[in-house]
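Visitor: The structure that follows is given in the form of structure tokens.
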Amino acid sequence: DVTNELPISTDVHWHGLGVPNSMDGVAPITQEFIQPGETFTYEFTAPNENRMAMYHAHHHGAEAILNGLFAVVQVGDMELPAPGNYGGMEIPADIEISQEIPMVLNDAGVIGLSLNGKAWPETAPIVADSGEWILLHYYNEGLVGHPMHLHSQPHLVIAKDGYPLAAPYRVDTTWISPGERYTVLIKADKPGTWAFHCHIINHAEDDDGLMGMVTAMIVNDPTAT
């Protein structure tokens with residue numbers, strides 16, 4: 001159930017879940033507007049395969065999404081790539097994922113330039129031990145594309161919009177357009193604190209230093225004393 005406690009009418013639109021037409025959430029095409037104080041029930045069956053999905057307001061979206069009316073939905077487990085060498089990145093047969101992390105990108109409204117609704121220095125770092133594997137899911141809820149760049153840790157793009165790629169590919173920067181979702185497999189490889197940021201420079205830095213779409217990946221050496 002969606003109860004509208006906003007001062008404006010709204011709806012909820014879904015990406016990646018294959019909902020029926022009547023549940024698509026695009027007023028006034030597939031439903032009536034959800035007026036302030038009203039409740040609308042969205043009913044559908046989750047797909048029986050893995051999906052990295054998201055939802056947001058469609059009506060008044062330019063105002064509502066950029067002020068926080070969005071979220072992500074994960075159904076099932078992401079299929080991992082077959083063992084092999086991908087651009088020099090070796091994927092073992094016995095890979096175990098230590099963390100699975102959503103990263104929602106935004107760039108306007110009250111939230112502004114942000115990762116998961118936070119701007120540097122309030123963004124949460126990714127913390128891992130050397131040798132661990134991390135699944136990171138990007139969701140772009142912003143107005144523009146963002147080239148996300150992680151320093152020095154090898155990572156492999158394995159899925160787009162929740163669908164596993166037939167040919168995963170290694171990158172150091174991943175471009176995510178508005179509405180897109182990408183999944184990358186990261187190996188915590190080199191100990192240290194590494195920058196992780198949007199590579200549109202004025203999304204990550206101003207005259208005072210780092211800001212906006214910046215976080216860090218902290219890789220610990222478990223053998224260090």
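Scheme for the structure tokens: letters A, B, ... for chains in order shown; per-chain residue numbers from 1; ligand numbers from 1 in order shown.
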Applying 12 Å and only C-alpha atoms, which residues near Ala46 in chain A remain after dropping the ones on its own chain fewer than 5 positions away? List them as a ChimeraX atom specification.
Guide: /A:14,16-20,51-53,73-76
Visitor: Show me, as a list in words, the residues that have an atom within 7 Å of Tyr182 in chain A when counting only C-alpha atoms, minus same-chain residues fewer than 4 positions from it.
Guide: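 After dropping sequence-adjacent residues, the list is His137, Tyr138, Tyr139, Ala159, Lys160 and Asp161 of chain A.
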Visitor: Pick the closest to Gly87 in chain A from A:Thr215, A:His155, A:His15, A:Leu185: which is it, counting only C-alpha atoms?
Guide: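 When distances to Gly87 in chain A are compared using only C-alpha atoms, the smallest one comes from A:His155.
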Visitor: DSSP on the backbone: what in range 57-163 of chain A comes out helix (DSSP H, G or I), as a list in words?
Guide: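 So the helix (DSSP H, G or I) residues in range 57-163 of chain A would be Gly61, Ala62, Glu63, Ala64, Ile65, Leu66 and Asn67 of chain A.
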Visitor: Can I get the selected residues back with N, CA and C atoms, as a PDB file, in the first residue's frame?
Guide:
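The new file out-v5.pdb reads:
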ATOM      1  N   GLY A  61       7.907  13.507 -10.662  1.00  0.00           N
ATOM      2  CA  GLY A  61       9.175  12.834 -10.400  1.00  0.00           C
ATOM      3  C   GLY A  61      10.354  13.774 -10.295  1.00  0.00           C
ATOM      4  N   ALA A  62      10.366  14.836 -11.113  1.00  0.00           N
ATOM      5  CA  ALA A  62      11.500  15.757 -11.086  1.00  0.00           C
ATOM      6  C   ALA A  62      11.644  16.435  -9.736  1.00  0.00           C
ATOM      7  N   GLU A  63      10.554  16.490  -8.994  1.00  0.00           N
ATOM      8  CA  GLU A  63      10.607  17.043  -7.639  1.00  0.00           C
ATOM      9  C   GLU A  63      10.763  15.938  -6.601  1.00  0.00           C
ATOM     10  N   ALA A  64       9.932  14.894  -6.721  1.00  0.00           N
ATOM     11  CA  ALA A  64       9.871  13.878  -5.671  1.00  0.00           C
ATOM     12  C   ALA A  64      11.110  12.993  -5.618  1.00  0.00           C
ATOM     13  N   ILE A  65      11.570  12.499  -6.789  1.00  0.00           N
ATOM     14  CA  ILE A  65      12.737  11.617  -6.788  1.00  0.00           C
ATOM     15  C   ILE A  65      13.951  12.336  -6.228  1.00  0.00           C
ATOM     16  N   LEU A  66      14.148  13.577  -6.660  1.00  0.00           N
ATOM     17  CA  LEU A  66      15.340  14.313  -6.263  1.00  0.00           C
ATOM     18  C   LEU A  66      15.282  14.777  -4.816  1.00  0.00           C
ATOM     19  N   ASN A  67      14.150  14.535  -4.170  1.00  0.00           N
ATOM     20  CA  ASN A  67      14.031  14.828  -2.748  1.00  0.00           C
ATOM     21  C   ASN A  67      13.819  13.558  -1.924  1.00  0.00           C
TER      22      ASN A  67
END
Visitor: Excluding range 23-39 of chain A and residues on its chain fewer than 2 positions from it, collect all residues at most 12 Å away from it, counting only C-alpha atoms, and give them as number ranges by chain.
Guide: A: 1-21, 41-45, 55-61
Visitor: Can you pull out every residue within 12 Å of Gly117 in chain A, counting only C-alpha atoms, but drop anything in the same chain fewer than 5 positions away, and send it as a PDB file with N, CA and C atoms, in the first residue's frame?
Guide:
ATOM      1  N   ILE A  65      11.570  12.499  -6.789  1.00  0.00           N
ATOM      2  CA  ILE A  65      12.737  11.617  -6.788  1.00  0.00           C
ATOM      3  C   ILE A  65      13.951  12.336  -6.228  1.00  0.00           C
ATOM      4  N   LEU A  66      14.148  13.577  -6.660  1.00  0.00           N
ATOM      5  CA  LEU A  66      15.340  14.313  -6.263  1.00  0.00           C
ATOM      6  C   LEU A  66      15.282  14.777  -4.816  1.00  0.00           C
ATOM      7  N   ASN A  67      14.150  14.535  -4.170  1.00  0.00           N
ATOM      8  CA  ASN A  67      14.031  14.828  -2.748  1.00  0.00           C
ATOM      9  C   ASN A  67      13.819  13.558  -1.924  1.00  0.00           C
ATOM     10  N   GLY A  68      14.063  12.382  -2.550  1.00  0.00           N
ATOM     11  CA  GLY A  68      14.142  11.162  -1.765  1.00  0.00           C
ATOM     12  C   GLY A  68      13.096  10.110  -1.988  1.00  0.00           C
ATOM     13  N   LEU A  69      12.150  10.302  -2.925  1.00  0.00           N
ATOM     14  CA  LEU A  69      11.115   9.296  -3.105  1.00  0.00           C
ATOM     15  C   LEU A  69      11.595   8.238  -4.096  1.00  0.00           C
ATOM     16  N   PHE A  70      12.468   7.374  -3.623  1.00  0.00           N
ATOM     17  CA  PHE A  70      12.997   6.265  -4.419  1.00  0.00           C
ATOM     18  C   PHE A  70      13.528   5.207  -3.467  1.00  0.00           C
ATOM     19  N   ALA A  71      13.686   3.990  -3.972  1.00  0.00           N
ATOM     20  CA  ALA A  71      14.296   2.906  -3.197  1.00  0.00           C
ATOM     21  C   ALA A  71      14.685   1.795  -4.163  1.00  0.00           C
ATOM     22  N   PRO A 102      24.252  -1.934  -2.137  1.00  0.00           N
ATOM     23  CA  PRO A 102      23.613  -1.049  -3.116  1.00  0.00           C
ATOM     24  C   PRO A 102      24.244   0.332  -3.059  1.00  0.00           C
ATOM     25  N   MET A 103      24.381   0.989  -4.212  1.00  0.00           N
ATOM     26  CA  MET A 103      24.867   2.368  -4.253  1.00  0.00           C
ATOM     27  C   MET A 103      23.949   3.162  -5.179  1.00  0.00           C
ATOM     28  N   VAL A 104      23.092   3.995  -4.580  1.00  0.00           N
ATOM     29  CA  VAL A 104      22.153   4.813  -5.341  1.00  0.00           C
ATOM     30  C   VAL A 104      22.799   6.165  -5.636  1.00  0.00           C
ATOM     31  N   LEU A 105      22.814   6.534  -6.917  1.00  0.00           N
ATOM     32  CA  LEU A 105      23.428   7.782  -7.358  1.00  0.00           C
ATOM     33  C   LEU A 105      22.346   8.837  -7.537  1.00  0.00           C
ATOM     34  N   ASN A 106      22.609  10.040  -7.026  1.00  0.00           N
ATOM     35  CA  ASN A 106      21.685  11.143  -7.222  1.00  0.00           C
ATOM     36  C   ASN A 106      22.481  12.421  -7.382  1.00  0.00           C
ATOM     37  N   ASP A 107      21.830  13.478  -7.901  1.00  0.00           N
ATOM     38  CA  ASP A 107      22.622  14.653  -8.264  1.00  0.00           C
ATOM     39  C   ASP A 107      21.867  15.970  -8.189  1.00  0.00           C
ATOM     40  N   ALA A 108      20.664  16.000  -7.612  1.00  0.00           N
ATOM     41  CA  ALA A 108      19.903  17.250  -7.583  1.00  0.00           C
ATOM     42  C   ALA A 108      18.932  17.226  -6.414  1.00  0.00           C
ATOM     43  N   GLY A 109      18.122  18.283  -6.293  1.00  0.00           N
ATOM     44  CA  GLY A 109      17.152  18.365  -5.219  1.00  0.00           C
ATOM     45  C   GLY A 109      17.803  18.585  -3.867  1.00  0.00           C
ATOM     46  N   VAL A 110      17.036  18.336  -2.812  1.00  0.00           N
ATOM     47  CA  VAL A 110      17.562  18.470  -1.455  1.00  0.00           C
ATOM     48  C   VAL A 110      18.724  17.510  -1.235  1.00  0.00           C
ATOM     49  N   ILE A 111      18.631  16.315  -1.811  1.00  0.00           N
ATOM     50  CA  ILE A 111      19.685  15.311  -1.640  1.00  0.00           C
ATOM     51  C   ILE A 111      20.960  15.750  -2.344  1.00  0.00           C
ATOM     52  N   GLY A 112      20.830  16.308  -3.533  1.00  0.00           N
ATOM     53  CA  GLY A 112      21.987  16.810  -4.262  1.00  0.00           C
ATOM     54  C   GLY A 112      22.926  15.710  -4.721  1.00  0.00           C
ATOM     55  N   GLU A 122      29.956  12.582   4.676  1.00  0.00           N
ATOM     56  CA  GLU A 122      29.015  11.738   5.420  1.00  0.00           C
ATOM     57  C   GLU A 122      28.774  10.385   4.762  1.00  0.00           C
ATOM     58  N   THR A 123      29.343  10.153   3.584  1.00  0.00           N
ATOM     59  CA  THR A 123      29.152   8.865   2.912  1.00  0.00           C
ATOM     60  C   THR A 123      29.812   7.740   3.703  1.00  0.00           C
ATOM     61  N   ALA A 124      29.213   6.563   3.633  1.00  0.00           N
ATOM     62  CA  ALA A 124      29.744   5.405   4.361  1.00  0.00           C
ATOM     63  C   ALA A 124      30.819   4.718   3.531  1.00  0.00           C
ATOM     64  N   TYR A 139      22.656   2.061  -8.859  1.00  0.00           N
ATOM     65  CA  TYR A 139      21.318   2.460  -9.299  1.00  0.00           C
ATOM     66  C   TYR A 139      21.360   3.968  -9.528  1.00  0.00           C
ATOM     67  N   ASN A 140      21.131   4.422 -10.750  1.00  0.00           N
ATOM     68  CA  ASN A 140      21.169   5.861 -11.010  1.00  0.00           C
ATOM     69  C   ASN A 140      19.755   6.434 -10.984  1.00  0.00           C
ATOM     70  N   GLU A 141      19.451   7.169  -9.925  1.00  0.00           N
ATOM     71  CA  GLU A 141      18.160   7.848  -9.786  1.00  0.00           C
ATOM     72  C   GLU A 141      18.292   9.342 -10.077  1.00  0.00           C
ATOM     73  N   GLY A 142      19.407   9.762 -10.669  1.00  0.00           N
ATOM     74  CA  GLY A 142      19.652  11.172 -10.909  1.00  0.00           C
ATOM     75  C   GLY A 142      19.202  11.646 -12.274  1.00  0.00           C
ATOM     76  N   GLY A 212      30.344  15.975  -2.322  1.00  0.00           N
ATOM     77  CA  GLY A 212      29.384  15.284  -3.173  1.00  0.00           C
ATOM     78  C   GLY A 212      29.582  13.789  -3.290  1.00  0.00           C
ATOM     79  N   MET A 213      29.771  13.324  -4.522  1.00  0.00           N
ATOM     80  CA  MET A 213      29.728  11.897  -4.848  1.00  0.00           C
ATOM     81  C   MET A 213      31.084  11.234  -4.642  1.00  0.00           C
ATOM     82  N   VAL A 214      31.499  11.208  -3.388  1.00  0.00           N
ATOM     83  CA  VAL A 214      32.794  10.642  -3.010  1.00  0.00           C
ATOM     84  C   VAL A 214      32.605   9.754  -1.790  1.00  0.00           C
TER      85      VAL A 214
END
Visitor: Using only C-alpha atoms, which residue out of A:Leu143, A:Ile218, A:Ala224, A:Leu210 lies closest to Asp189 in chain A?
Guide: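 Selected residue with least distance to Asp189 in chain A: A:Ile218.
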Visitor: Taking only C-alpha atoms into account, name the residue in A:Gly84, A:Trp133, A:Asn116, A:His151 that is nearest to Ile97 in chain A.
Guide: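 Selected residue with least distance to Ile97 in chain A: A:Trp133.
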Visitor: Point out the residue among A:Thr173, A:Gly162, A:Thr193, A:Tyr86 with the least atom-to-atom distance to Asn50 in chain A, counting only C-alpha atoms.
Guide: A:Gly162
Visitor: Quick check, in Å to one decimal: how far apart do CA of Pro168 in chain A and CA of Leu156 in chain A lie?
Guide: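 CA of Leu156 in chain A lies at a distance of 6.5 Å from CA of Pro168 in chain A.
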Visitor: Hey, what does DSSP flag as strand (DSSP E or B) within chain A? Can you give it to me as a count of residues only?
Guide: 107
Visitor: Give me the residues near Ala93 in chain A as an mmCIF file with C-alpha atoms, in the first residue's frame, where near means some atom within 10 Å (using only C-alpha atoms) and where sequence neighbours in that chain fewer than 6 positions away do not count.
Guide:
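File written: result_11.cif
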data_model
loop_
_atom_site.group_PDB
_atom_site.id
_atom_site.type_symbol
_atom_site.label_atom_id
_atom_site.label_comp_id
_atom_site.auth_asym_id
_atom_site.auth_seq_id
_atom_site.Cartn_x
_atom_site.Cartn_y
_atom_site.Cartn_z
ATOM 1 C CA LEU A 80 28.210 -14.905 -10.651
ATOM 2 C CA PRO A 81 30.437 -15.248 -13.721
ATOM 3 C CA ALA A 82 31.981 -18.559 -14.695
ATOM 4 C CA PRO A 83 35.522 -19.178 -13.456
ATOM 5 C CA GLY A 84 38.126 -17.742 -15.780
#
Visitor: Please list as JSON, numbers by chain every residue within 12 Å of Pro191 in chain A, counting only C-alpha atoms and excluding residues in the same chain fewer than 5 positions away.
Guide: {"A": [127, 128, 129, 130, 131, 132, 151, 152, 153, 217, 218, 219, 220, 221, 222, 223, 224]}
Visitor: CA of Trp120 in chain A and CA of Pro147 in chain A are how many Å apart?
Guide: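 Separation between CA of Trp120 in chain A and CA of Pro147 in chain A: 16.8 Å.
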Visitor: Determine the nearest neighbour of Met89 in chain A from the options A:Val144, A:Asp77, A:Arg170, A:Pro125, counting only C-alpha atoms.
Guide: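 The answer is A:Arg170, which sits nearest to Met89 in chain A.
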Visitor: At what distance in Å, to one decimal, does CA of Trp194 in chain A lie from CA of Leu150 in chain A?
Guide: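 Going from CA of Leu150 in chain A over to CA of Trp194 in chain A, I get 7.4 Å.
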